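Trainee: Below is the file protein_8.txt, with compact mmCIF, C-alpha atoms.
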```txt
# COMPACT_ATOMS: atom_id res chain seq x y z
CA MET A 220 -29.07 2.29 -18.89
CA SER A 221 -27.65 5.05 -21.06
CA GLU A 222 -26.04 8.13 -19.64
CA GLU A 223 -28.23 10.56 -21.58
CA THR A 224 -31.82 10.29 -22.77
CA LYS A 225 -33.07 12.41 -25.65
CA GLU A 226 -36.63 13.45 -26.33
CA VAL A 227 -37.44 14.90 -29.79
CA ASP A 228 -40.51 17.08 -30.41
CA LYS A 229 -41.54 16.79 -34.07
CA GLU A 230 -43.60 20.00 -34.18
CA THR A 231 -40.99 22.32 -32.68
CA SER A 232 -38.00 20.19 -33.73
CA THR A 233 -36.43 20.62 -30.31
CA THR A 234 -34.42 18.06 -28.43
CA THR A 235 -34.43 17.81 -24.66
CA VAL A 236 -31.41 16.13 -23.11
CA SER A 237 -31.67 14.87 -19.53
CA THR A 238 -28.54 13.52 -17.90
CA ALA A 239 -28.95 10.49 -15.64
CA PRO A 240 -26.41 10.01 -12.89
CA ARG A 241 -23.93 7.20 -13.31
CA ASP A 242 -23.60 4.50 -10.70
CA VAL A 243 -20.43 4.11 -8.64
CA GLU A 244 -18.58 0.95 -9.66
CA ASP A 245 -15.59 0.98 -7.31
CA VAL A 246 -13.49 3.29 -5.14
CA THR A 247 -9.69 3.48 -5.25
CA VAL A 248 -7.92 4.99 -2.24
CA HIS A 249 -4.32 6.19 -2.48
CA PRO A 250 -1.72 5.94 0.32
CA LEU A 251 -1.66 9.72 0.79
CA VAL A 252 -5.30 9.59 1.91
CA LEU A 253 -4.54 6.84 4.43
CA LEU A 254 -1.57 8.74 5.86
CA SER A 255 -3.59 11.97 6.11
CA ALA A 256 -6.49 10.22 7.87
CA ALA A 257 -4.17 8.47 10.33
CA ASP A 258 -2.36 11.73 11.10
CA HIS A 259 -5.71 13.52 11.51
CA TYR A 260 -6.92 10.93 14.02
CA HIS A 261 -3.69 10.90 16.07
CA ARG A 262 -3.70 14.70 16.29
CA VAL A 263 -7.36 15.13 17.25
CA ALA A 264 -8.94 11.98 18.69
CA ARG A 265 -6.14 9.71 19.85
CA GLY A 266 -6.97 7.91 23.08
CA THR A 267 -10.66 8.79 22.89
CA ARG A 268 -13.78 7.20 21.43
CA LYS A 269 -14.32 10.10 19.02
CA ARG A 270 -14.00 9.91 15.28
CA VAL A 271 -12.69 12.36 12.71
CA VAL A 272 -14.19 13.42 9.39
CA GLY A 273 -12.49 14.73 6.26
CA ILE A 274 -13.11 15.42 2.57
CA LEU A 275 -11.93 13.14 -0.25
CA LEU A 276 -10.53 14.75 -3.38
CA GLY A 277 -9.85 13.07 -6.69
CA THR A 278 -11.34 12.25 -10.06
CA VAL A 279 -14.26 10.18 -11.37
CA ILE A 280 -13.97 8.37 -14.69
CA ARG A 281 -16.81 6.15 -15.94
CA GLY A 282 -18.13 5.44 -12.48
CA LYS A 283 -14.71 4.67 -10.98
CA VAL A 284 -13.83 6.97 -8.11
CA ASP A 285 -10.12 7.64 -7.62
CA ALA A 286 -9.42 9.36 -4.27
CA THR A 287 -5.92 10.82 -4.57
CA ASN A 288 -5.94 13.47 -1.84
CA SER A 289 -7.86 14.59 1.25
CA PHE A 290 -7.97 17.19 3.98
CA ALA A 291 -9.36 17.30 7.50
CA VAL A 292 -12.49 19.21 8.51
CA PRO A 293 -13.37 20.41 12.05
CA PHE A 294 -16.09 18.05 13.24
CA GLU A 295 -17.79 17.42 16.57
CA GLU A 296 -20.78 15.29 17.54
CA ASP A 297 -22.67 14.52 20.71
CA ASN A 298 -22.37 10.89 21.76
CA LYS A 299 -25.54 11.07 23.83
CA ASN A 300 -27.66 12.74 21.15
CA PRO A 301 -26.78 11.44 17.65
CA ALA A 302 -28.81 14.18 15.96
CA VAL A 303 -26.44 16.91 17.22
CA PHE A 304 -23.22 17.45 15.28
CA TYR A 305 -21.10 20.31 13.98
CA LEU A 306 -19.28 20.60 10.65
CA ASP A 307 -17.43 23.80 9.77
CA HIS A 308 -18.77 24.89 6.36
CA ASN A 309 -16.60 28.01 6.13
CA TYR A 310 -13.42 26.02 6.71
CA LEU A 311 -14.52 23.53 4.05
CA GLU A 312 -15.13 26.27 1.47
CA ASN A 313 -11.80 27.98 2.16
CA MET A 314 -9.86 24.71 1.88
CA LEU A 315 -11.57 23.85 -1.39
CA ARG A 316 -10.71 27.26 -2.78
CA MET A 317 -7.03 26.80 -1.91
CA PHE A 318 -6.90 23.25 -3.26
CA ARG A 319 -8.35 24.42 -6.59
CA LYS A 320 -5.45 26.85 -6.90
CA VAL A 321 -2.94 24.03 -6.40
CA ASN A 322 -4.59 21.34 -8.53
CA ALA A 323 -7.70 22.22 -10.50
CA LYS A 324 -8.28 18.63 -11.64
CA GLU A 325 -9.00 17.37 -8.14
CA ARG A 326 -12.58 17.85 -7.02
CA VAL A 327 -14.74 16.60 -4.19
CA VAL A 328 -15.65 12.93 -4.60
CA GLY A 329 -16.89 12.18 -1.08
CA PHE A 330 -15.86 12.18 2.56
CA TYR A 331 -14.12 9.81 4.95
CA SER A 332 -14.59 8.87 8.58
CA THR A 333 -12.59 6.79 11.03
CA GLY A 334 -15.77 4.99 12.07
CA PRO A 335 -15.21 2.12 12.49
CA GLN A 336 -18.95 1.75 11.77
CA ILE A 337 -21.67 3.77 10.09
CA ARG A 338 -23.22 6.43 12.34
CA PRO A 339 -26.70 7.98 12.09
CA ASN A 340 -25.20 11.37 11.15
CA ASP A 341 -23.40 10.04 8.07
CA LEU A 342 -26.39 10.53 5.77
CA ARG A 343 -26.75 14.15 6.92
CA ILE A 344 -23.03 14.75 6.42
CA LEU A 345 -23.36 13.28 2.92
CA ASP A 346 -26.13 15.79 2.12
CA ILE A 347 -23.79 18.62 3.16
CA VAL A 348 -20.93 17.29 1.03
CA GLN A 349 -23.34 16.90 -1.90
CA ARG A 350 -23.48 20.71 -2.20
CA PHE A 351 -19.79 20.85 -3.14
CA VAL A 352 -19.89 18.00 -5.69
CA ASN A 353 -19.93 19.04 -9.33
CA GLY A 354 -20.82 16.03 -11.42
CA PRO A 355 -23.47 13.42 -12.18
CA ILE A 356 -22.06 10.87 -9.69
CA PRO A 357 -23.08 11.38 -6.06
CA PRO A 358 -20.38 11.49 -3.36
CA VAL A 359 -19.10 8.31 -1.75
CA PHE A 360 -18.56 7.54 1.90
CA CYS A 361 -15.34 5.79 2.94
CA ILE A 362 -14.59 4.41 6.40
CA ILE A 363 -10.84 4.32 7.10
CA ASP A 364 -10.07 2.01 10.01
CA ILE A 365 -6.94 3.31 11.75
CA ARG A 366 -6.74 0.50 14.34
CA PRO A 367 -3.24 -1.04 14.20
CA ASP A 368 -4.39 -4.58 15.06
CA ARG A 369 -6.54 -4.87 11.93
CA GLN A 370 -4.91 -7.15 9.35
CA SER A 371 -7.32 -6.73 6.42
CA ILE A 372 -7.73 -3.78 4.07
CA PRO A 373 -8.42 -0.65 6.16
CA THR A 374 -10.95 0.96 3.80
CA THR A 375 -14.67 0.29 3.33
CA ALA A 376 -16.59 2.29 0.73
CA TYR A 377 -20.31 2.98 0.49
CA LYS A 378 -22.69 4.72 -1.87
CA VAL A 379 -26.20 6.06 -1.29
CA VAL A 380 -29.19 4.14 -2.58
CA GLU A 381 -32.85 5.02 -2.36
CA GLU A 382 -35.32 2.40 -1.18
CA VAL A 383 -39.11 2.57 -1.03
CA ASP A 384 -40.49 1.76 2.39
CA SER A 385 -43.51 -0.47 1.73
CA SER A 386 -44.37 -0.96 5.40
CA ASN A 387 -46.74 2.00 5.23
CA GLN A 388 -49.40 1.04 2.67
CA ARG A 389 -51.01 4.47 2.47
CA ALA A 390 -47.92 6.53 1.71
CA HIS A 391 -44.76 4.99 0.31
CA GLN A 392 -41.74 6.81 1.63
CA VAL A 393 -38.34 6.89 -0.04
CA LYS A 394 -35.52 6.24 2.39
CA LYS A 395 -31.82 6.65 1.78
CA SER A 396 -29.34 4.06 2.96
CA PHE A 397 -25.77 3.06 2.34
CA ALA A 398 -24.81 0.23 0.00
CA HIS A 399 -21.41 -1.38 -0.08
CA VAL A 400 -19.06 -0.57 -2.97
CA PRO A 401 -15.86 -2.50 -3.80
CA SER A 402 -12.78 -0.61 -2.60
CA MET A 403 -9.10 -1.07 -3.28
CA ILE A 404 -5.79 0.59 -2.52
CA ASP A 405 -3.62 1.71 -5.41
CA ALA A 406 -0.63 4.01 -5.74
CA GLN A 407 1.25 5.85 -8.42
CA GLU A 408 4.96 5.33 -8.97
CA ALA A 409 6.00 8.29 -6.81
CA GLU A 410 3.69 7.15 -4.01
CA GLU A 411 5.10 3.61 -4.15
CA VAL A 412 8.62 4.97 -3.66
CA GLY A 413 7.50 7.02 -0.65
CA VAL A 414 5.68 4.07 0.89
CA GLU A 415 8.76 1.86 0.45
CA HIS A 416 10.90 4.42 2.30
CA LEU A 417 8.38 4.49 5.14
CA LEU A 418 8.23 0.70 5.36
CA ARG A 419 11.99 0.48 5.72
CA ASP A 420 11.73 1.97 9.20
CA ILE A 421 8.70 -0.16 10.10
CA ASN A 422 9.89 -3.53 8.78
CA ASP A 423 11.49 -5.79 11.38
CA PRO A 424 14.53 -7.60 9.86
CA THR A 425 14.66 -10.10 12.74
CA VAL A 426 11.40 -11.76 11.65
CA SER A 427 12.09 -14.70 9.35
CA THR A 428 10.26 -15.46 6.13
CA VAL A 429 8.51 -18.48 7.61
CA ALA A 430 7.20 -16.41 10.52
CA SER A 431 5.89 -13.74 8.16
CA LEU A 432 4.14 -16.37 6.03
CA ILE A 433 2.51 -17.92 9.09
CA LYS A 434 1.43 -14.47 10.26
CA ALA A 435 -0.11 -13.77 6.85
CA LYS A 436 -1.99 -17.09 6.98
CA MET A 437 -3.33 -16.29 10.44
CA ALA A 438 -4.42 -12.84 9.30
CA GLY A 439 -6.24 -14.35 6.33
CA LEU A 440 -8.04 -16.90 8.52
CA SER A 441 -9.07 -14.21 11.01
CA THR A 442 -10.46 -12.08 8.18
CA LEU A 443 -12.35 -15.08 6.82
CA THR A 444 -13.82 -15.65 10.28
CA GLU A 445 -14.98 -12.02 10.46
CA LYS A 446 -16.66 -12.27 7.07
CA LEU A 447 -18.43 -15.52 7.97
CA VAL A 448 -19.69 -14.02 11.23
CA GLU A 449 -20.93 -10.99 9.29
CA CYS A 450 -22.83 -13.25 6.88
CA LYS A 451 -24.32 -15.15 9.82
CA ASP A 452 -25.48 -11.92 11.49
CA TYR A 453 -27.02 -10.71 8.23
CA LEU A 454 -29.01 -13.91 7.74
CA GLU A 455 -30.20 -13.88 11.34
CA SER A 456 -31.34 -10.26 11.03
CA CYS A 457 -33.23 -11.14 7.84
CA VAL A 458 -34.97 -14.00 9.63
CA ARG A 459 -36.01 -11.62 12.42
CA ASP A 460 -37.31 -9.14 9.79
CA GLU A 461 -34.87 -6.49 10.95
CA ARG A 462 -33.41 -6.08 7.47
CA LYS A 463 -34.77 -6.27 3.99
CA VAL A 464 -33.70 -9.39 2.09
CA ASN A 465 -31.34 -8.60 -0.76
CA GLN A 466 -31.57 -11.30 -3.41
CA GLU A 467 -28.15 -10.48 -4.81
CA ILE A 468 -26.48 -11.09 -1.45
CA ILE A 469 -28.41 -14.34 -0.97
CA ALA A 470 -27.37 -15.49 -4.45
CA ASN A 471 -23.70 -14.76 -3.70
CA MET A 472 -23.90 -16.71 -0.45
CA GLN A 473 -25.48 -19.65 -2.25
CA THR A 474 -22.72 -19.56 -4.85
CA ILE A 475 -20.06 -19.60 -2.13
CA LEU A 476 -21.71 -22.58 -0.44
CA ASN A 477 -21.97 -24.45 -3.73
CA LEU A 478 -18.23 -24.01 -4.32
CA LEU A 479 -17.35 -25.70 -1.03
CA PRO A 480 -15.94 -29.23 -1.55
CA ASN A 481 -17.82 -32.29 -0.34
CA LEU A 482 -15.63 -33.81 2.39
CA ASN A 483 -17.83 -36.86 2.90
CA THR A 484 -16.70 -38.77 -0.21
CA ASP A 485 -14.20 -41.61 0.11
CA GLU A 486 -11.87 -40.14 -2.52
CA MET A 487 -11.71 -36.81 -0.69
CA VAL A 488 -11.06 -38.45 2.67
CA GLU A 489 -8.31 -40.62 1.22
CA ALA A 490 -6.68 -37.65 -0.52
CA MET A 491 -6.76 -35.62 2.69
CA LEU A 492 -5.19 -38.51 4.64
CA ILE A 493 -2.42 -38.93 2.07
CA LYS A 494 -1.70 -35.22 2.04
CA THR A 495 -1.69 -35.07 5.83
CA ASN A 496 0.63 -38.07 6.10
CA ASP A 497 3.05 -36.53 3.61
CA MET A 498 3.11 -33.26 5.52
CA GLN A 499 3.59 -35.02 8.86
CA MET A 500 6.41 -37.12 7.39
CA ALA A 501 8.16 -33.99 6.14
CA ILE A 502 7.77 -32.34 9.55
CA TYR A 503 9.09 -35.48 11.31
CA LEU A 504 12.12 -35.76 9.02
CA SER A 505 12.93 -32.07 9.38
CA ALA A 506 12.76 -32.31 13.18
CA LEU A 507 14.96 -35.43 13.15
CA ILE A 508 17.54 -33.82 10.86
CA ARG A 509 17.52 -30.68 12.98
CA SER A 510 18.20 -32.68 16.15
CA VAL A 511 21.03 -34.67 14.51
CA ILE A 512 22.68 -31.49 13.24
CA ALA A 513 22.38 -29.89 16.67
CA LEU A 514 23.96 -32.97 18.29
CA HIS A 515 26.77 -32.95 15.74
CA ASP A 516 27.45 -29.26 16.41
CA LEU A 517 27.50 -29.99 20.14
CA VAL A 518 30.09 -32.79 19.71
CA VAL A 519 32.26 -30.63 17.46
CA ASN A 520 32.05 -27.78 19.95
CA LYS A 521 33.06 -30.13 22.79
CA ILE A 522 36.06 -31.43 20.85
CA THR A 523 37.16 -27.91 19.94
CA TYR A 524 36.81 -26.80 23.56
CA ASN A 525 38.93 -29.72 24.85
CA GLU A 526 41.65 -29.01 22.30
CA GLU A 527 41.77 -25.35 23.24
CA VAL A 528 41.93 -26.20 26.97
CA GLY A 529 44.79 -28.67 26.31
CA ASN A 530 46.76 -26.08 24.36
CA ILE A 531 46.32 -23.51 27.12
CA THR A 532 47.50 -25.93 29.82
CA LYS A 533 50.57 -26.83 27.76
CA GLU A 534 51.48 -23.17 27.33
CA LEU A 535 51.10 -22.58 31.07
CA GLN A 536 53.38 -25.53 31.87
CA GLN A 537 56.03 -24.32 29.42
CA THR A 538 55.98 -20.82 30.85
CA SER A 539 56.23 -22.17 34.42
CA THR A 540 59.22 -24.45 33.60
CA SER A 541 61.08 -21.69 31.78
CA SER A 542 60.61 -19.25 34.65
CA GLU A 543 62.04 -21.60 37.35
CA PRO A 544 65.77 -21.33 36.29
CA LYS A 545 65.56 -17.58 36.15
CA VAL A 546 64.24 -17.43 39.70
CA GLU A 547 67.13 -19.62 40.96
CA GLU A 548 69.72 -17.42 39.23
CA GLU A 549 68.19 -14.32 40.75
CA LYS A 550 68.38 -15.87 44.21
CA LYS A 551 72.10 -16.75 43.71
CA ASP A 552 72.83 -13.21 42.59
CA GLU A 553 71.16 -11.78 45.66
CA LYS A 554 73.24 -14.05 47.94
CA GLY A 555 76.48 -13.00 46.22
CA ASP A 556 75.77 -9.30 46.63
CA LYS A 557 75.15 -9.47 50.40
CA PRO A 558 78.36 -8.58 52.57
CA THR A 559 79.48 -11.01 55.26
CA ALA A 560 79.78 -10.11 58.97
CA ALA A 561 83.57 -10.59 59.03
CA SER A 562 84.16 -8.14 56.26
CA ASP A 563 81.95 -5.60 58.03
CA LYS A 564 84.12 -5.86 61.21
CA LYS A 565 87.30 -5.25 59.28
```
Rewrite the structure from the file as structure tokens, please.
Mentor:
Amino acid sequence: MSEETKEVDKETSTTTVSTAPRDVEDVTVHPLVLLSAADHYHRVARGTRKRVVGILLGTVIRGKVDATNSFAVPFEEDNKNPAVFYLDHNYLENMLRMFRKVNAKERVVGFYSTGPQIRPNDLRILDIVQRFVNGPIPPVFCIIDIRPDRQSIPTTAYKVVEEVDSSNQRAHQVKKSFAHVPSMIDAQEAEEVGVEHLLRDINDPTVSTVASLIKAKMAGLSTLTEKLVECKDYLESCVRDERKVNQEIIANMQTILNLLPNLNTDEMVEAMLIKTNDMQMAIYLSALIRSVIALHDLVVNKITYNEEVGNITKELQQTSTSSEPKVEEEKKDEKGDKPTAASDKK
């Protein structure tokens, strides 16, 4: 689909150009946005079940959104009534005016929320942010998960799509909903240097490389489990007619299942057994070598300890034998200095 469509009128020789909005391909979030969102949450909603909302600033090039900066916006919503929320428009306009003075290239590309899930008010907030967007691409919605126990990427990006509700046969209504967009985290050279300085204080030097690798493997498996559970929930909701079936998602799931290896073949079972035996043999040999080295260190330590104890006892005996003659001489001198009773009478 081309970006621009032209219509030429032969009689008047006029050309009408209508611009069609581009589609969002992916969203790139910079570390400054993550730090600002985390600081915003810890200042406003730490220890509560509330969420915070802010504006994403950046550039859009050929459908690729690059969020380089952000700022917080005063936001409140009623947990009991989802339709009631407050967003300070005046504060948003003043902040945009000041940011344009600092960097005119950065413009509004969307908004972020600490979620961690989509709320009913997000579509209404997106309509408000749409007023401040100057460009053919609509704003994006990014959920930044600030929970410290999350091991996967903390950002999830969405775009708005329009779907026709065919449940009502008389009048087809167009409904807006969010569709997932690929998101990534990227940084410029100056941002990488700043992040490295921050990680120096966070990194624990006592953790070994093996422990960090095992932790990374566990994090990857936990993320895989979350994704599989999400796919299971989606398929179950489609079976219950709670969601509309997306053929693209079903095709991707089928492709993933087709790529899984067949573990029932004899060659695969034999290869797995050989690989497992090799790994168990390596683990057994490493444990045996470790125990032998520990026993050797214990024997060497025992021998060294006995030698040191023998040297100390010898030194004590030498000092005791050398001090005995001196004590006897001192006693003789004391006896010679004492006056006798006869001499005292004279």
Trainee: Expressed in Å to a single decimal, how great is the separation between CA of Arg343 in chain A and CA of Phe304 in chain A?
Mentor: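 Distance reported for this atom pair: 9.7 Å.
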Trainee: Using only C-alpha atoms, which residue out of A:Ile280, A:Asn322, A:Thr287, A:Gly334 lies closest to Tyr260 in chain A?
Mentor: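 Nearest candidate to Tyr260 in chain A out of A:Ile280, A:Asn322, A:Thr287, A:Gly334: A:Gly334.
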Trainee: Excluding range 396-399 of chain A and any residue of its chain fewer than 4 positions from it, enumerate the residues within 12 Å of it, using all atoms listed in the file, and give them as a compact mmCIF listing (two decimals) with C-alpha atoms, in the frame of the given file.
Mentor:
```txt
# COMPACT_ATOMS: atom_id res chain seq x y z
CA ASP A 242 -23.60 4.50 -10.70
CA VAL A 243 -20.43 4.11 -8.64
CA GLU A 244 -18.58 0.95 -9.66
CA ASP A 245 -15.59 0.98 -7.31
CA VAL A 246 -13.49 3.29 -5.14
CA GLN A 336 -18.95 1.75 11.77
CA ILE A 337 -21.67 3.77 10.09
CA ARG A 338 -23.22 6.43 12.34
CA PRO A 339 -26.70 7.98 12.09
CA ASN A 340 -25.20 11.37 11.15
CA ASP A 341 -23.40 10.04 8.07
CA LEU A 342 -26.39 10.53 5.77
CA ARG A 343 -26.75 14.15 6.92
CA LEU A 345 -23.36 13.28 2.92
CA PRO A 358 -20.38 11.49 -3.36
CA VAL A 359 -19.10 8.31 -1.75
CA PHE A 360 -18.56 7.54 1.90
CA CYS A 361 -15.34 5.79 2.94
CA ILE A 362 -14.59 4.41 6.40
CA THR A 374 -10.95 0.96 3.80
CA THR A 375 -14.67 0.29 3.33
CA ALA A 376 -16.59 2.29 0.73
CA TYR A 377 -20.31 2.98 0.49
CA LYS A 378 -22.69 4.72 -1.87
CA VAL A 379 -26.20 6.06 -1.29
CA VAL A 380 -29.19 4.14 -2.58
CA GLU A 381 -32.85 5.02 -2.36
CA GLU A 382 -35.32 2.40 -1.18
CA VAL A 383 -39.11 2.57 -1.03
CA ASP A 384 -40.49 1.76 2.39
CA ARG A 462 -33.41 -6.08 7.47
CA LYS A 463 -34.77 -6.27 3.99
CA ASN A 465 -31.34 -8.60 -0.76
CA ILE A 468 -26.48 -11.09 -1.45
```
Trainee: How many Å separate CA of Ala264 in chain A from CA of Thr333 in chain A?
Mentor: 9.9 Å
Trainee: Lys451 in chain A: which residues within 12 Å, counting all atoms listed in the file, same-chain residues fewer than 6 positions away excluded, as a JSON list (two decimals) with C-alpha atoms, in the frame of the given file?
Mentor:
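Below is the file that was written, out27.json:
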```
[["chain", "number", "residue", "atom", "x", "y", "z"],
["A", 444, "THR", "CA", -13.82, -15.65, 10.28],
["A", 445, "GLU", "CA", -14.98, -12.02, 10.46],
["A", 457, "CYS", "CA", -33.23, -11.14, 7.84],
["A", 458, "VAL", "CA", -34.97, -14.00, 9.63],
["A", 469, "ILE", "CA", -28.41, -14.34, -0.97],
["A", 472, "MET", "CA", -23.90, -16.71, -0.45]]
```
Trainee: Tell me, in Å to one decimal, how far CA of Arg326 in chain A is from CA of Thr247 in chain A.
Mentor: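 It comes out at 14.8 Å.
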